[in-house]
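J.: The following file, model_33.cif, comprises mmCIF, C-alpha atoms:
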```cif
data_entry
#
loop_
_atom_site.label_atom_id
_atom_site.label_comp_id
_atom_site.auth_asym_id
_atom_site.auth_seq_id
_atom_site.Cartn_x
_atom_site.Cartn_y
_atom_site.Cartn_z
CA MET Z 915 -30.77 -37.23 -49.84
CA ILE Z 916 -29.89 -36.61 -53.48
CA ASN Z 917 -26.40 -35.46 -54.32
CA LEU Z 918 -26.70 -32.03 -55.95
CA PRO Z 919 -23.95 -29.76 -57.29
CA ASP Z 920 -23.61 -26.38 -55.56
CA ASN Z 921 -25.58 -24.35 -58.11
CA ALA Z 922 -28.44 -26.87 -58.13
CA ARG Z 923 -28.45 -27.01 -54.30
CA LYS Z 924 -28.64 -23.22 -54.17
CA HIS Z 925 -31.48 -23.25 -56.72
CA LEU Z 926 -33.40 -25.82 -54.67
CA ASP Z 927 -32.83 -23.93 -51.41
CA ASN Z 928 -34.09 -20.75 -53.05
CA TYR Z 929 -37.20 -22.57 -54.29
CA LEU Z 930 -37.94 -24.12 -50.89
CA GLN Z 931 -37.46 -20.70 -49.30
CA GLN Z 932 -40.10 -19.35 -51.70
CA VAL Z 933 -42.42 -22.19 -50.71
CA ARG Z 934 -41.96 -21.39 -47.00
CA THR Z 935 -42.43 -17.64 -47.49
CA CYS Z 936 -45.53 -18.07 -49.65
CA LEU Z 937 -47.30 -20.51 -47.40
CA LYS Z 938 -45.99 -19.41 -43.97
CA ASP Z 939 -48.93 -17.22 -43.02
CA CYS Z 940 -51.53 -19.15 -44.95
CA PRO Z 941 -54.01 -20.38 -42.31
CA THR Z 942 -55.43 -23.24 -44.36
CA VAL Z 943 -52.14 -24.85 -45.38
CA ASP Z 944 -49.37 -26.50 -43.36
CA ALA Z 945 -46.21 -25.03 -44.95
CA ASP Z 946 -43.93 -27.69 -43.39
CA GLU Z 947 -46.03 -30.49 -44.79
CA VAL Z 948 -46.02 -28.95 -48.28
CA GLU Z 949 -42.26 -28.45 -48.12
CA GLN Z 950 -41.80 -32.08 -47.11
CA ASN Z 951 -44.04 -33.19 -49.98
CA ILE Z 952 -42.06 -31.07 -52.43
CA LYS Z 953 -38.80 -32.62 -51.22
CA GLU Z 954 -40.26 -36.11 -51.59
CA HIS Z 955 -41.56 -35.20 -55.05
CA ILE Z 956 -38.11 -34.03 -56.17
CA GLU Z 957 -36.42 -37.10 -54.70
CA SER Z 958 -38.90 -39.40 -56.41
CA GLU Z 959 -38.44 -37.64 -59.74
CA LEU Z 960 -34.67 -37.81 -59.50
CA GLN Z 961 -34.51 -41.35 -58.17
CA ASP Z 962 -33.41 -42.86 -61.47
CA SER Z 963 -31.12 -39.98 -62.50
CA SER Z 964 -27.38 -40.44 -62.46
CA GLU Z 965 -25.60 -38.55 -59.69
CA PRO Z 966 -24.66 -35.81 -59.25
CA VAL Z 967 -27.94 -34.51 -60.61
CA SER Z 968 -27.53 -31.72 -63.13
CA PHE Z 969 -28.86 -28.20 -62.63
CA ALA Z 970 -30.96 -28.57 -65.79
CA ALA Z 971 -32.65 -31.75 -64.51
CA LEU Z 972 -33.57 -30.10 -61.22
CA ASP Z 973 -34.70 -26.91 -62.95
CA ASP Z 974 -36.98 -28.95 -65.21
CA ILE Z 975 -38.68 -30.51 -62.16
CA LEU Z 976 -39.05 -27.16 -60.40
CA LYS Z 977 -40.56 -25.65 -63.54
CA ARG Z 978 -43.12 -28.45 -63.66
CA LEU Z 979 -43.88 -27.91 -59.97
CA GLY Z 980 -44.51 -24.27 -60.83
CA SER Z 981 -44.06 -21.06 -58.90
CA PRO Z 982 -45.25 -21.29 -55.26
CA GLN Z 983 -46.97 -17.93 -55.82
CA GLN Z 984 -49.48 -19.75 -58.01
CA TRP Z 985 -50.47 -21.96 -55.09
CA LEU Z 986 -51.72 -19.13 -52.94
CA PRO Z 987 -55.35 -19.61 -52.01
CA GLU Z 988 -57.98 -17.15 -53.22
CA GLU Z 989 -58.64 -15.81 -49.73
CA ILE Z 990 -55.29 -14.01 -49.64
CA SER Z 991 -55.75 -10.30 -50.38
CA TRP Z 992 -54.24 -8.68 -53.48
CA TRP Z 993 -51.87 -6.46 -51.51
CA ARG Z 994 -50.53 -9.46 -49.64
CA LYS Z 995 -49.96 -11.25 -52.95
CA ILE Z 996 -47.94 -8.26 -54.17
CA ILE Z 997 -45.82 -8.24 -51.00
CA LEU Z 998 -45.28 -11.99 -51.31
CA ARG Z 999 -44.28 -11.57 -54.95
CA LEU Z 1000 -41.67 -9.04 -53.87
CA ARG Z 1001 -40.46 -11.25 -51.05
CA THR Z 1002 -40.37 -14.49 -52.97
CA GLY Z 1003 -39.38 -13.39 -56.44
CA PRO Z 1004 -36.03 -14.51 -57.73
CA GLU Z 1005 -33.20 -12.56 -56.12
CA ASP Z 1006 -32.40 -10.54 -59.23
CA TRP Z 1007 -36.04 -9.52 -59.69
CA ARG Z 1008 -36.34 -8.41 -56.08
CA LEU Z 1009 -33.35 -6.14 -56.50
CA ALA Z 1010 -34.82 -4.75 -59.71
CA TYR Z 1011 -38.12 -3.97 -58.01
CA ILE Z 1012 -36.38 -2.33 -55.04
CA SER Z 1013 -34.15 -0.26 -57.31
CA PHE Z 1014 -37.12 1.04 -59.28
CA ALA Z 1015 -39.17 1.72 -56.14
CA LEU Z 1016 -36.32 3.71 -54.57
CA LEU Z 1017 -35.96 5.78 -57.75
CA VAL Z 1018 -39.68 6.53 -57.95
CA VAL Z 1019 -39.91 7.48 -54.26
CA GLY Z 1020 -36.75 9.57 -54.68
CA PHE Z 1021 -38.43 11.55 -57.47
CA ILE Z 1022 -41.73 11.93 -55.63
CA ILE Z 1023 -40.26 13.01 -52.29
CA LEU Z 1024 -37.56 15.34 -53.58
CA PRO Z 1025 -35.59 16.01 -50.37
CA SER Z 1026 -35.08 12.28 -49.95
CA SER Z 1027 -33.70 11.91 -53.48
CA ILE Z 1028 -30.17 12.73 -52.22
CA VAL Z 1029 -30.22 9.43 -50.36
CA LEU Z 1030 -32.73 7.35 -52.35
CA ILE Z 1031 -31.36 7.85 -55.86
CA PRO Z 1032 -27.79 6.80 -54.92
CA ALA Z 1033 -29.34 3.88 -52.99
CA SER Z 1034 -31.38 2.97 -56.09
CA PHE Z 1035 -28.19 3.12 -58.16
CA ILE Z 1036 -26.35 0.79 -55.73
CA VAL Z 1037 -29.22 -1.72 -55.75
CA ALA Z 1038 -29.42 -1.55 -59.57
CA ARG Z 1039 -25.70 -2.26 -59.75
CA ALA Z 1040 -26.15 -5.17 -57.35
CA ALA Z 1041 -28.90 -6.52 -59.63
CA LEU Z 1042 -26.58 -6.08 -62.59
CA SER Z 1043 -23.84 -8.02 -60.77
CA GLU Z 1044 -26.24 -10.96 -60.36
CA VAL Z 1045 -25.99 -11.69 -64.09
CA ALA Z 1046 -22.86 -12.48 -66.04
CA ASP Z 1047 -23.94 -10.36 -68.99
CA SER Z 1048 -26.38 -7.42 -69.05
CA SER Z 1049 -28.17 -9.01 -72.03
CA GLU Z 1050 -29.41 -11.71 -69.62
CA LEU Z 1051 -31.47 -9.12 -67.78
CA LYS Z 1052 -34.26 -9.03 -70.42
CA ALA Z 1053 -37.42 -7.53 -68.89
CA GLN Z 1054 -35.62 -6.47 -65.70
CA LYS Z 1055 -33.89 -3.80 -67.75
CA CYS Z 1056 -37.10 -1.76 -67.59
CA LEU Z 1057 -36.74 -1.63 -63.79
CA ILE Z 1058 -32.97 -1.34 -63.49
CA TYR Z 1059 -32.00 0.93 -66.38
CA PRO Z 1060 -33.95 4.05 -65.34
CA SER Z 1061 -31.94 4.22 -62.14
CA LEU Z 1062 -28.66 3.52 -63.95
CA ILE Z 1063 -29.41 6.11 -66.64
CA VAL Z 1064 -30.32 8.82 -64.10
CA SER Z 1065 -27.32 8.12 -61.86
CA CYS Z 1066 -24.84 7.71 -64.72
CA SER Z 1067 -26.07 10.95 -66.30
CA VAL Z 1068 -25.50 12.81 -63.02
CA ILE Z 1069 -22.04 11.26 -62.56
CA ALA Z 1070 -21.12 12.02 -66.19
CA PHE Z 1071 -22.27 15.62 -65.79
CA ILE Z 1072 -20.24 16.06 -62.60
CA LEU Z 1073 -17.15 14.44 -64.11
CA PHE Z 1074 -17.18 16.17 -67.49
CA PHE Z 1075 -18.83 19.49 -66.70
CA GLY Z 1076 -17.96 19.83 -63.00
CA GLY Z 1077 -14.86 21.74 -64.11
CA MET Z 1078 -17.10 24.24 -65.85
CA VAL Z 1079 -19.14 24.91 -62.68
CA LEU Z 1080 -15.96 25.06 -60.61
CA GLY Z 1081 -14.40 27.49 -63.14
CA ALA Z 1082 -17.45 29.77 -63.08
CA CYS Z 1083 -17.39 29.88 -59.25
CA LEU Z 1084 -13.64 30.50 -59.24
CA ALA Z 1085 -14.03 33.31 -61.79
CA GLU Z 1086 -16.60 35.00 -59.56
CA VAL Z 1087 -14.33 34.75 -56.50
CA LEU Z 1088 -11.26 36.00 -58.40
CA TRP Z 1089 -13.10 38.91 -60.00
CA ASP Z 1090 -13.79 40.30 -56.54
CA LEU Z 1091 -10.03 40.73 -56.02
CA THR Z 1092 -8.91 44.16 -57.22
CA TRP Z 1093 -5.39 43.17 -58.20
CA ILE Z 1094 -6.71 40.33 -60.36
CA ARG Z 1095 -8.95 42.77 -62.23
CA GLU Z 1096 -5.95 45.03 -62.79
CA VAL Z 1097 -3.73 42.21 -64.02
CA ALA Z 1098 -6.44 40.58 -66.14
CA TYR Z 1099 -7.22 43.84 -67.87
CA MET Z 1100 -10.32 42.58 -69.66
CA GLY Z 1101 -14.12 42.59 -69.39
CA THR Z 1102 -16.04 40.61 -66.79
CA VAL Z 1103 -17.59 38.21 -69.31
CA THR Z 1104 -14.32 37.56 -71.08
CA PHE Z 1105 -12.56 36.91 -67.76
CA ALA Z 1106 -15.29 34.56 -66.50
CA ALA Z 1107 -15.41 32.68 -69.82
CA SER Z 1108 -11.64 32.27 -69.99
CA ILE Z 1109 -11.36 30.96 -66.41
CA THR Z 1110 -14.34 28.62 -66.90
CA VAL Z 1111 -13.05 27.14 -70.15
CA THR Z 1112 -9.49 26.87 -68.79
CA ILE Z 1113 -10.61 24.93 -65.70
CA THR Z 1114 -12.85 22.73 -67.87
CA ALA Z 1115 -9.94 22.00 -70.22
CA LEU Z 1116 -7.64 21.23 -67.29
CA SER Z 1117 -10.21 18.90 -65.73
CA TRP Z 1118 -10.55 17.03 -69.05
CA ILE Z 1119 -6.77 16.69 -69.29
CA ILE Z 1120 -6.60 15.31 -65.75
CA LEU Z 1121 -9.59 13.01 -66.30
CA GLY Z 1122 -8.13 11.79 -69.58
CA ALA Z 1123 -4.81 11.05 -67.88
CA VAL Z 1124 -6.51 9.18 -65.03
CA PHE Z 1125 -8.76 7.19 -67.40
CA CYS Z 1126 -5.78 6.44 -69.63
CA LYS Z 1127 -3.99 4.91 -66.64
CA TRP Z 1128 -7.14 3.10 -65.40
CA PRO Z 1129 -9.61 2.71 -68.32
CA GLY Z 1130 -11.49 0.09 -66.31
CA LEU Z 1131 -12.62 2.86 -63.97
CA VAL Z 1132 -14.97 4.32 -66.62
CA ARG Z 1133 -16.28 0.89 -67.61
CA SER Z 1134 -16.90 0.16 -63.96
CA ILE Z 1135 -18.58 3.48 -63.08
CA PHE Z 1136 -20.79 3.59 -66.16
CA LYS Z 1137 -21.49 -0.13 -66.42
CA PRO Z 1138 -23.19 -1.34 -68.64
CA PHE Z 1139 -23.14 1.77 -70.85
CA ALA Z 1140 -19.37 2.21 -71.29
CA ASP Z 1141 -18.14 -1.32 -71.94
CA TRP Z 1142 -16.65 0.02 -75.17
CA PHE Z 1143 -14.37 2.52 -73.35
CA ASN Z 1144 -10.61 2.01 -73.67
CA ARG Z 1145 -7.32 3.96 -73.49
CA LYS Z 1146 -7.87 5.40 -76.98
CA HIS Z 1147 -10.95 7.26 -75.79
CA ALA Z 1148 -9.08 8.55 -72.73
CA ILE Z 1149 -6.31 9.85 -74.96
CA ILE Z 1150 -8.90 11.59 -77.15
CA LEU Z 1151 -10.34 13.26 -74.03
CA THR Z 1152 -6.88 14.45 -72.97
CA CYS Z 1153 -6.17 15.75 -76.48
CA VAL Z 1154 -9.51 17.60 -76.63
CA GLY Z 1155 -8.77 19.12 -73.20
CA PHE Z 1156 -5.29 20.09 -74.28
CA ALA Z 1157 -6.53 21.61 -77.56
CA LEU Z 1158 -9.21 23.55 -75.68
CA LEU Z 1159 -6.59 24.83 -73.21
CA VAL Z 1160 -4.24 25.96 -75.96
CA LEU Z 1161 -7.08 27.60 -77.87
CA THR Z 1162 -8.33 29.36 -74.73
CA LEU Z 1163 -4.86 30.62 -73.82
CA ALA Z 1164 -4.35 31.83 -77.38
CA VAL Z 1165 -7.68 33.66 -77.47
CA VAL Z 1166 -7.17 35.10 -73.96
CA GLY Z 1167 -3.63 36.19 -74.83
CA TYR Z 1168 -4.84 37.80 -78.03
CA LEU Z 1169 -7.68 39.60 -76.26
CA ARG Z 1170 -5.50 40.66 -73.30
CA PHE Z 1171 -2.46 41.88 -75.20
CA VAL Z 1172 -3.88 42.91 -78.57
CA VAL Z 1173 -7.52 43.94 -78.30
CA PHE Z 1174 -7.94 45.24 -74.71
CA SER Z 1175 -4.51 46.92 -74.52
CA LYS Z 1176 -5.49 49.08 -77.49
CA LEU Z 1177 -8.73 50.21 -75.82
CA MET W 226 -59.15 -0.68 -93.97
CA VAL W 227 -57.47 -4.06 -94.34
CA LEU W 228 -55.00 -3.22 -91.58
CA THR W 229 -57.82 -2.09 -89.28
CA GLY W 230 -59.64 -5.36 -90.00
CA ILE W 231 -56.54 -7.44 -89.21
CA LEU W 232 -55.95 -5.48 -86.01
CA HIS W 233 -59.59 -5.91 -85.00
CA CYS W 234 -59.39 -9.69 -85.55
CA TYR W 235 -56.12 -9.85 -83.63
CA ILE W 236 -57.54 -7.97 -80.62
CA LEU W 237 -60.68 -10.14 -80.64
CA ASN W 238 -58.51 -13.25 -80.74
CA ILE W 239 -56.49 -12.05 -77.74
CA MET W 240 -59.69 -11.28 -75.82
CA GLU W 241 -61.11 -14.72 -76.62
CA ASN W 242 -57.91 -16.44 -75.50
CA ARG W 243 -57.83 -14.45 -72.27
CA PHE W 244 -61.45 -15.27 -71.58
CA PHE W 245 -60.80 -18.97 -72.17
CA ASP W 246 -57.67 -18.91 -69.97
CA ASN W 247 -59.55 -17.26 -67.08
CA TRP W 248 -62.48 -19.62 -67.42
CA SER W 249 -60.34 -22.77 -67.62
CA THR W 250 -58.23 -21.64 -64.63
CA GLN W 251 -61.34 -21.18 -62.49
CA LEU W 252 -62.74 -24.52 -63.59
CA ARG W 253 -59.45 -26.31 -63.00
CA LYS W 254 -59.15 -24.95 -59.45
CA GLY W 255 -62.45 -26.49 -58.47
CA MET W 256 -61.93 -29.69 -60.42
CA LEU W 257 -58.50 -30.33 -58.96
CA GLU W 258 -59.89 -30.85 -55.46
CA LEU W 259 -62.51 -33.23 -56.79
CA CYS W 260 -59.90 -35.16 -58.80
CA ILE W 261 -57.51 -35.42 -55.84
CA LEU W 262 -60.26 -36.83 -53.63
CA ASN W 263 -61.30 -39.26 -56.37
CA ALA W 264 -57.68 -40.30 -56.90
CA ILE W 265 -57.34 -41.49 -53.32
CA ARG W 266 -60.82 -42.93 -53.02
CA GLY W 267 -60.64 -46.48 -51.72
CA THR W 268 -56.87 -46.47 -51.58
CA SER W 269 -53.95 -44.67 -49.96
CA LEU W 270 -51.40 -42.89 -52.07
CA TYR W 271 -48.38 -40.80 -51.29
CA GLY W 272 -48.12 -37.25 -52.66
CA TYR W 273 -45.98 -38.00 -55.69
CA ASP W 274 -48.24 -40.91 -56.71
CA ILE W 275 -51.24 -38.58 -56.67
CA VAL W 276 -49.38 -36.11 -58.89
CA ARG W 277 -48.45 -38.90 -61.32
CA LYS W 278 -52.04 -40.06 -61.46
CA LEU W 279 -53.41 -36.56 -62.09
CA ARG W 280 -50.77 -35.37 -64.54
CA ASN W 281 -52.15 -37.88 -67.07
CA ILE W 282 -55.41 -35.93 -67.26
CA GLU W 283 -54.97 -33.48 -70.12
CA GLY W 284 -55.20 -29.82 -69.07
CA LEU W 285 -55.91 -30.51 -65.39
CA VAL W 286 -52.50 -30.04 -63.79
CA ILE W 287 -50.63 -27.01 -65.09
CA SER W 288 -48.18 -26.76 -62.22
CA GLU W 289 -47.71 -30.01 -60.34
CA GLY W 290 -46.86 -28.29 -57.07
CA THR W 291 -50.42 -26.95 -56.80
CA ILE W 292 -51.55 -30.38 -55.61
CA TYR W 293 -49.57 -30.28 -52.35
CA PRO W 294 -51.18 -27.18 -50.77
CA ILE W 295 -54.57 -28.63 -51.75
CA LEU W 296 -53.70 -31.92 -50.02
CA SER W 297 -52.62 -29.97 -46.94
CA ARG W 298 -55.85 -27.97 -46.99
CA LEU W 299 -57.97 -31.09 -47.38
CA LYS W 300 -56.13 -32.58 -44.41
CA ARG W 301 -56.79 -29.49 -42.28
CA GLU W 302 -60.46 -29.66 -43.29
CA GLY W 303 -60.49 -33.26 -42.07
CA PHE W 304 -61.31 -34.78 -45.47
CA VAL W 305 -58.06 -36.72 -45.76
CA GLN W 306 -55.70 -38.24 -43.23
CA THR W 307 -52.09 -39.33 -43.46
CA THR W 308 -50.21 -42.41 -42.33
CA ILE W 309 -46.46 -42.84 -42.42
CA LYS W 310 -45.39 -46.06 -44.12
CA GLU W 311 -41.93 -47.52 -44.60
CA SER W 312 -40.62 -47.40 -48.16
CA THR W 313 -38.21 -49.79 -49.86
CA GLU W 314 -36.95 -46.94 -52.06
CA GLY W 315 -35.92 -44.45 -49.39
CA PRO W 316 -37.16 -42.75 -46.23
CA PRO W 317 -40.68 -43.43 -44.86
CA ARG W 318 -43.44 -41.89 -46.97
CA LYS W 319 -46.61 -40.07 -46.02
CA TYR W 320 -49.69 -41.74 -47.51
CA TYR W 321 -52.99 -39.91 -47.95
CA GLU W 322 -56.40 -41.55 -47.61
CA LEU W 323 -59.96 -40.36 -47.30
CA THR W 324 -61.59 -39.95 -43.91
CA ALA W 325 -65.27 -40.64 -43.34
CA ALA W 326 -65.94 -36.91 -43.76
CA GLY W 327 -63.91 -37.02 -46.95
CA GLU W 328 -65.98 -39.92 -48.31
CA LYS W 329 -69.13 -37.97 -47.54
CA ILE W 330 -68.02 -34.70 -49.14
CA LEU W 331 -66.64 -36.55 -52.15
CA SER W 332 -69.93 -38.28 -52.70
CA GLN W 333 -71.66 -34.88 -52.53
CA MET W 334 -69.12 -33.32 -54.88
CA ASN W 335 -69.39 -36.18 -57.38
CA GLY W 336 -73.17 -35.92 -57.29
CA TYR W 337 -73.03 -32.18 -57.84
CA TRP W 338 -70.54 -32.55 -60.67
CA GLN W 339 -72.70 -35.26 -62.26
CA ASP W 340 -75.71 -32.96 -62.14
CA ILE W 341 -73.80 -30.16 -63.79
CA LYS W 342 -72.35 -32.48 -66.41
CA THR W 343 -75.77 -33.97 -67.17
CA GLY W 344 -77.26 -30.48 -67.41
CA THR W 345 -74.48 -29.32 -69.69
CA ASP W 346 -74.84 -32.43 -71.87
CA ILE W 347 -78.57 -31.80 -72.17
CA LEU W 348 -77.89 -28.21 -73.22
CA LYS W 349 -75.34 -29.40 -75.73
CA GLY W 350 -77.86 -31.94 -77.04
CA ASP W 351 -80.53 -29.24 -77.31
CA GLU W 352 -78.14 -27.11 -79.22
CA LYS W 353 -77.49 -29.93 -81.73
CA SER W 354 -81.15 -30.75 -82.24
#
```
Represent the structure of the file as structure tokens.

T.:
Amino acid sequence: MINLPDNARKHLDNYLQQVRTCLKDCPTVDADEVEQNIKEHIESELQDSSEPVSFAALDDILKRLGSPQQWLPEEISWWRKIILRLRTGPEDWRLAYISFALLVVGFIILPSSIVLIPASFIVARAALSEVADSSELKAQKCLIYPSLIVSCSVIAFILFFGGMVLGACLAEVLWDLTWIREVAYMGTVTFAASITVTITALSWIILGAVFCKWPGLVRSIFKPFADWFNRKHAIILTCVGFALLVLTLAVVGYLRFVVFSKL
Amino acid sequence: MVLTGILHCYILNIMENRFFDNWSTQLRKGMLELCILNAIRGTSLYGYDIVRKLRNIEGLVISEGTIYPILSRLKREGFVQTTIKESTEGPPRKYYELTAAGEKILSQMNGYWQDIKTGTDILKGDEKS
């Protein structure tokens, strides 16, 4: 048996697995015999190569052998060919297909989207982890990115505008309390707006502080869209939150003690 | 107008290429079986030797691995048989040779191919004249 480095061995095992999967249920072909022939072919090709055989040398032989999907006989139905393509495609492509399929089904069957869209996101991230750099993904981006964009948009909305929703809910709860209304001494809209903006500003300050301590968290959550994020951006977020808080308190104070007290 | 003309030519070129690709793929599929049987006619060869022999024919073997499922299918059909022979260069090798049924079908296939080739040549000749 030829001495192969780990990456080449893995590549060969993956190829032979594709051969087995493609030909397993093919009634006119003996999959074991073909696999044996392929092994002999590779050994014969590499006979004169210096050991250990390089990944590139093996890859060149496998490319010349071609994809086992091309060997499927005509009698196999189209739907079976599609299933085989999904089962035998390179690992990263399979994940990309699954991610996209989960996203599409999640959108079609809306109640299931709570489970399927996060699952699609996880699979897309797994596909992304298969490559060292997202630029290596090439055409797979079309399958992986929709899921990442949808999920990252939802996460971004929750993180950056969750405070706003929370503030609005809190304002509604507080406004029902009589003593709050008496202390606040302002209109419903002004009260709701001030609470909402204050909570939003506070959430941005907290988020900014957390991201300043762990900037990698943002890069990790929003990978590959936030690779540029660093402490500077976290500080900007904190400053914006702080400025918004000060501005809100100033406006609320002015309204409460100057405008409404005169009414 | 010029742009439309260029686009039209480009689309026609793509369609022609696609047509040729489909046609040559279909032709190759049928021819490959005939060539494999001819390659082992009167001799016994092991899989890799057959590939080496066929890869020299321009445009016939696009992916070399295609030959192995065809060999397996021909064996199941009873047109070829295998014998294990010791090798000086490694483990024992599986050699393929034609069976009597294989000889018969090959002779039929060669005859059929010859008829088609002759017919095509005549048509080509007619076209020239």

J.: Once you count only C-alpha atoms, which residues of chain W turn out to be within 8 Å of chain Z? Could you give them as a PyMOL selection string?

T.: chain W and resi 272-273+287-291+293-295+297-298+301

J.: Could those selected residues go to a file with C-alpha atoms, as a CSV table (one decimal), in the coordinates of the input?

T.:
```csv
chain,number,residue,atom,x,y,z
W,272,GLY,CA,-48.1,-37.2,-52.7
W,273,TYR,CA,-46.0,-38.0,-55.7
W,287,ILE,CA,-50.6,-27.0,-65.1
W,288,SER,CA,-48.2,-26.8,-62.2
W,289,GLU,CA,-47.7,-30.0,-60.3
W,290,GLY,CA,-46.9,-28.3,-57.1
W,291,THR,CA,-50.4,-27.0,-56.8
W,293,TYR,CA,-49.6,-30.3,-52.4
W,294,PRO,CA,-51.2,-27.2,-50.8
W,295,ILE,CA,-54.6,-28.6,-51.8
W,297,SER,CA,-52.6,-30.0,-46.9
W,298,ARG,CA,-55.8,-28.0,-47.0
W,301,ARG,CA,-56.8,-29.5,-42.3
```

J.: What is the distance, in Å and to one decimal place, between CA of Leu323 (chain W) and CA of Leu960 (chain Z)?

T.: 28.2 Å

J.: Just the residues within 9 Å of Leu926 (chain Z), please, counting all atoms listed in the file, with nothing from its chain fewer than 5 positions along; format it as a PyMOL selection string.

T.: chain Z and resi 921+931+972-973+976

J.: Give the answer as one residue: which of Z:Met1100, Z:Ala1123, Z:Ile1012, Z:Leu1131 has the shortest atom-to-atom distance to Phe1143 (chain Z), using all atoms listed in the file?

T.: Z:Leu1131

J.: Neighbouring residues of Ala1085 (chain Z) were defined as those with any atom within 8 Å, considering only C-alpha atoms; residues of the same chain fewer than 2 positions away were excluded. Please report them as a PyMOL selection string.

T.: chain Z and resi 1081-1083+1087-1089+1105-1106+1109-1110

J.: The PyMOL selection byres ((chain Z and resi 1077) around 10) on the file shown: which residues, as a PyMOL selection string?

T.: chain Z and resi 1071-1076+1078-1083+1110-1118

J.: Just checking: using all atoms listed in the file, which residue out of W:Phe304, W:Ile347, W:Ile341, W:Asn335 ends up closest to Leu259 (chain W)?

T.: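 Answer, going by the shortest atom-to-atom distance: W:Asn335.
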
J.: The PyMOL selection byres ((chain W and resi 307) around 12) on the file shown: which residues, as a ChimeraX atom specification?

T.: /Z:947 /W:265,268-272,296-297,299-301,303-306,308-310,318-324

J.: Could you check how far CA of Gly284 (chain W) sits from CA of Gln251 (chain W), in Å to one decimal?

T.: 12.5 Å

J.: For CA of Val1029 (chain Z) and CA of Leu1016 (chain Z), quote the distance in Å rounded to one decimal.

T.: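 Between CA of Val1029 (chain Z) and CA of Leu1016 (chain Z) the gap is 9.4 Å.
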
J.: Applying 10 Å and all atoms listed in the file, which residues near Ala1015 (chain Z) remain after dropping the ones on its own chain fewer than 2 positions away? List them as a ChimeraX atom specification.

T.: /Z:1009-1013,1017-1021,1030-1031,1034,1057,1061

J.: Which residues are close to Phe1136 (chain Z), i.e. within 10 Å by only C-alpha atoms, leaving aside same-chain residues fewer than 2 positions away? Reply as number ranges by chain.

T.: Z: 1039, 1062-1063, 1065-1067, 1069-1070, 1130-1134, 1138-1141, 1143

J.: Which is closer to Ser968 (chain Z) than all the others in Z:Ile1022, Z:Ala922, Z:Leu1121, Z:Leu1163, using all atoms listed in the file?

T.: Z:Ala922

J.: Find the residue from Z:Ser1043, Z:Ser1108, Z:Thr1152, Z:Asn1144 that sits nearest to Tyr1168 (chain Z); use all atoms listed in the file when measuring.

T.: Z:Ser1108

J.: When distances are computed from all atoms listed in the file, which of W:Thr343, W:Arg277, W:Met334, W:Thr313 shows the smallest separation from Glu258 (chain W)?

T.: W:Met334

J.: Which residue is closest to Ala264 (chain W)? Choose from W:Asp346, W:Lys278, W:Glu283, W:Ala325 and count all atoms listed in the file.

T.: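 Using all atoms listed in the file, the shortest distance to Ala264 (chain W) belongs to W:Lys278.
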